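**Q** Provided below: run.txt, containing compact mmCIF, C-alpha atoms.
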# COMPACT_ATOMS: atom_id res chain seq x y z
CA MET A 1 18.96 12.48 10.47
CA VAL A 2 16.27 11.28 8.09
CA GLN A 3 13.89 8.73 9.55
CA GLU A 4 12.93 5.81 7.36
CA PHE A 5 9.45 4.38 7.49
CA VAL A 6 7.93 1.10 6.34
CA GLU A 7 4.38 0.07 5.65
CA ALA A 8 2.78 -2.94 7.29
CA LEU A 9 -0.53 -4.69 6.97
CA VAL A 10 -2.41 -5.16 10.22
CA VAL A 11 -5.18 -7.75 10.46
CA LEU A 12 -7.61 -7.93 13.36
CA GLU A 13 -7.96 -11.63 14.15
CA GLN A 14 -10.55 -11.36 16.87
CA GLY A 15 -12.16 -8.92 19.21
CA ASP A 16 -13.69 -5.49 18.66
CA VAL A 17 -14.81 -5.17 15.03
CA SER A 18 -16.69 -1.94 15.84
CA GLY A 19 -13.56 0.09 15.12
CA GLY A 20 -12.31 0.64 18.68
CA TRP A 21 -9.19 -1.36 17.89
CA LEU A 22 -8.36 1.21 15.22
CA GLU A 23 -8.06 3.97 17.83
CA GLU A 24 -5.65 1.82 19.78
CA LEU A 25 -3.72 1.08 16.59
CA ARG A 26 -3.35 4.82 15.93
CA GLN A 27 -1.42 5.14 19.17
CA HIS A 28 1.30 2.87 17.77
CA ALA A 29 1.39 3.69 14.05
CA VAL A 30 0.06 6.06 11.40
CA VAL A 31 -2.98 4.49 9.73
CA LEU A 32 -2.72 5.11 5.98
CA GLN A 33 -5.72 3.08 4.84
CA TRP A 34 -8.42 1.08 6.52
CA LEU A 35 -10.78 -1.52 5.16
CA PRO A 36 -13.51 -1.92 7.75
CA PRO A 37 -13.92 -3.81 9.88
CA ARG A 38 -10.58 -5.60 10.28
CA ILE A 39 -7.70 -4.63 7.94
CA ALA A 40 -5.43 -1.57 8.01
CA ILE A 41 -2.26 -0.41 6.29
CA VAL A 42 0.01 1.45 8.68
CA LEU A 43 3.27 3.37 8.58
CA VAL A 44 5.91 2.70 11.26
CA GLN A 45 9.53 3.69 11.77
CA SER A 46 11.86 1.13 10.21
CA ASP A 47 14.48 1.38 12.94
CA VAL A 48 12.15 0.03 15.65
CA ALA A 49 10.45 -3.33 15.96
CA LEU A 50 6.87 -3.47 14.75
CA PRO A 51 4.58 -2.50 17.61
CA ARG A 52 2.44 -5.53 18.29
CA ASP A 53 0.81 -4.07 21.37
CA VAL A 54 -2.69 -4.02 19.91
CA PRO A 55 -4.42 -7.13 21.24
CA GLY A 56 -5.86 -9.53 18.69
CA THR A 57 -3.86 -8.20 15.71
CA ARG A 58 -1.29 -9.69 13.38
CA TRP A 59 1.29 -7.46 11.65
CA TYR A 60 2.80 -8.17 8.22
CA PRO A 61 5.51 -5.83 6.90
CA GLY A 62 6.09 -8.01 3.83
CA GLU A 63 4.83 -11.37 2.70
CA ILE A 64 1.48 -12.52 4.00
CA PRO A 65 1.14 -16.25 4.73
CA ALA A 66 -1.14 -18.18 2.38
CA GLU A 67 -3.32 -19.37 5.26
CA GLU A 68 -3.99 -15.74 6.19
CA VAL A 69 -4.87 -14.82 2.61
CA ALA A 70 -7.19 -17.84 2.38
CA GLY A 71 -9.27 -16.40 5.22
CA PHE A 72 -9.85 -13.04 3.52
CA THR A 73 -13.19 -12.12 1.98
CA PRO A 74 -13.09 -11.12 -1.74
CA PRO A 75 -13.01 -7.36 -0.93
CA GLU A 76 -10.25 -7.93 1.64
CA ARG A 77 -8.23 -9.94 -0.86
CA LEU A 78 -8.59 -7.18 -3.46
CA PHE A 79 -7.49 -4.57 -0.91
CA VAL A 80 -4.42 -6.59 0.12
CA ASP A 81 -3.50 -7.46 -3.49
CA ALA A 82 -3.62 -3.78 -4.40
CA TRP A 83 -1.32 -2.94 -1.49
CA LEU A 84 1.12 -5.68 -2.46
CA SER A 85 1.19 -4.65 -6.14
CA ARG A 86 1.86 -1.03 -5.20
CA ARG A 87 4.94 -2.16 -3.31
CA GLU A 88 6.41 -3.94 -6.34
CA GLY A 89 8.88 -2.11 -8.53
CA LYS A 90 7.57 -0.67 -11.77
CA VAL A 91 9.13 -1.40 -15.15
CA ARG A 92 8.69 1.53 -17.50
CA PRO A 93 10.67 1.22 -20.73
CA GLY A 94 12.23 4.52 -21.64
CA ASN A 95 11.43 6.11 -18.29
CA GLY A 96 13.49 9.27 -17.91
CA LEU A 97 14.71 9.33 -21.52
CA PRO A 98 14.07 12.34 -23.77
CA TRP A 99 11.25 11.80 -26.26
CA ASP A 100 13.68 11.74 -29.19
CA ALA A 101 16.19 9.28 -27.68
CA SER A 102 17.68 6.64 -29.93
CA GLY A 103 15.15 3.87 -30.58
CA ARG A 104 12.20 6.02 -29.48
CA GLU A 105 9.56 7.68 -31.61
CA PRO A 106 8.32 11.21 -31.01
CA PRO A 107 4.76 11.63 -29.78
CA ASP A 108 1.98 11.90 -32.37
CA TRP A 109 0.98 15.41 -33.30
CA PRO A 110 -2.68 16.30 -32.96
CA ASP A 111 -4.67 16.33 -36.21
CA GLU A 112 -6.09 19.75 -35.39
CA PRO A 113 -4.64 22.69 -33.51
CA ALA A 114 -5.68 22.76 -29.88
CA HIS A 115 -6.68 26.41 -30.01
CA LYS A 116 -8.38 27.99 -32.98
CA PRO A 117 -8.01 31.74 -33.41
Just give me the structure of the file as structure tokens.

**A**
Amino acid sequence: MVQEFVEALVVLEQGDVSGGWLEELRQHAVVLQWLPPRIAIVLVQSDVALPRDVPGTRWYPGEIPAEEVAGFTPPERLFVDAWLSRREGKVRPGNGLPWDASGREPPDWPDEPAHKP
């Protein structure tokens, strides 16, 4: 059986900003990224409820409320926006098509040979 995992954003709302909360967080989830002192992206199994056993934290597996985002510093907002944009689907026209597919142009040839004898 293949286990499915989901990412969640964890925000420390109060308490130990020295990093001790991160060690406790690691006992409940895999920490993928951390923006000191209070934001982490974690990986948890999708078939179990999000572990909210770390005191003073809020967990967001998807949308983040606007009032939470309003309290972020500019670096925190950038970090969270990057995480959210990575989760969005990508639109890549022609993805997976051969280079000479109908309606596509072949790549440009270099002006000079790459290797000269």

**Q** Of the candidates A:Gly20, A:Ala29, A:Glu105, A:Gln3, which one gets nearest to Trp59 of chain A if we count all atoms listed in the file?

**A**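 Closest to Trp59 of chain A, using all atoms listed in the file: A:Ala29.
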
**Q** For Leu32 of chain A, list every protein, DNA or RNA residue within 9 Å, evaluated using only C-alpha atoms, and leave out those in the same chain fewer than 5 positions away; present the list as a PyMOL selection string.

**A** chain A and resi 7+40-43

**Q** Could you state the separation of atom CA of Leu84 of chain A and atom CA of Glu63 of chain A in Å, given to one decimal place?

**A**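 Rounded to one decimal, the two atoms are 8.5 Å apart.
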
**Q** Name all residues at most 6 Å from segment 48-58 of chain A (count only C-alpha atoms; drop same-chain ones fewer than 3 positions away) and give them as an MDAnalysis selection string.

**A** chainID A and resid 10:14 45

**Q** Would you mind telling me which residue in A:Glu23, A:Ile64, A:Gly96, A:Pro110 lies nearest to Trp83 of chain A when using all atoms listed in the file?

**A**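 Closest to Trp83 of chain A of all the choices is A:Ile64.
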
**Q** Can you pull out every residue within 6 Å of Ser46 of chain A, counting all atoms listed in the file, but drop anything in the same chain fewer than 5 positions away, and send it as a list in words?

**A**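 Near neighbours after the sequence-gap exclusion: Glu4, Phe5 and Val6 of chain A.
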
**Q** What does the distance from atom CA of Ala70 of chain A to atom CA of Val31 of chain A come to in Å, to one decimal?

**A** 23.9 Å

**Q** Find the distance between atom CA of Asp47 of chain A and atom CA of Arg26 of chain A and write it in Å to one decimal.

**A** 18.4 Å

**Q** Give me the box for segment 75-90 of chain A as JSON, namely the centre and edge lengths in Å to one decimal of a box along x, y and z that holds every listed atom plus 5 Å on each side.

**A**
{"center_x": -2.1, "center_y": -5.3, "center_z": -5.1, "size_x": 31.9, "size_y": 19.3, "size_z": 23.4}
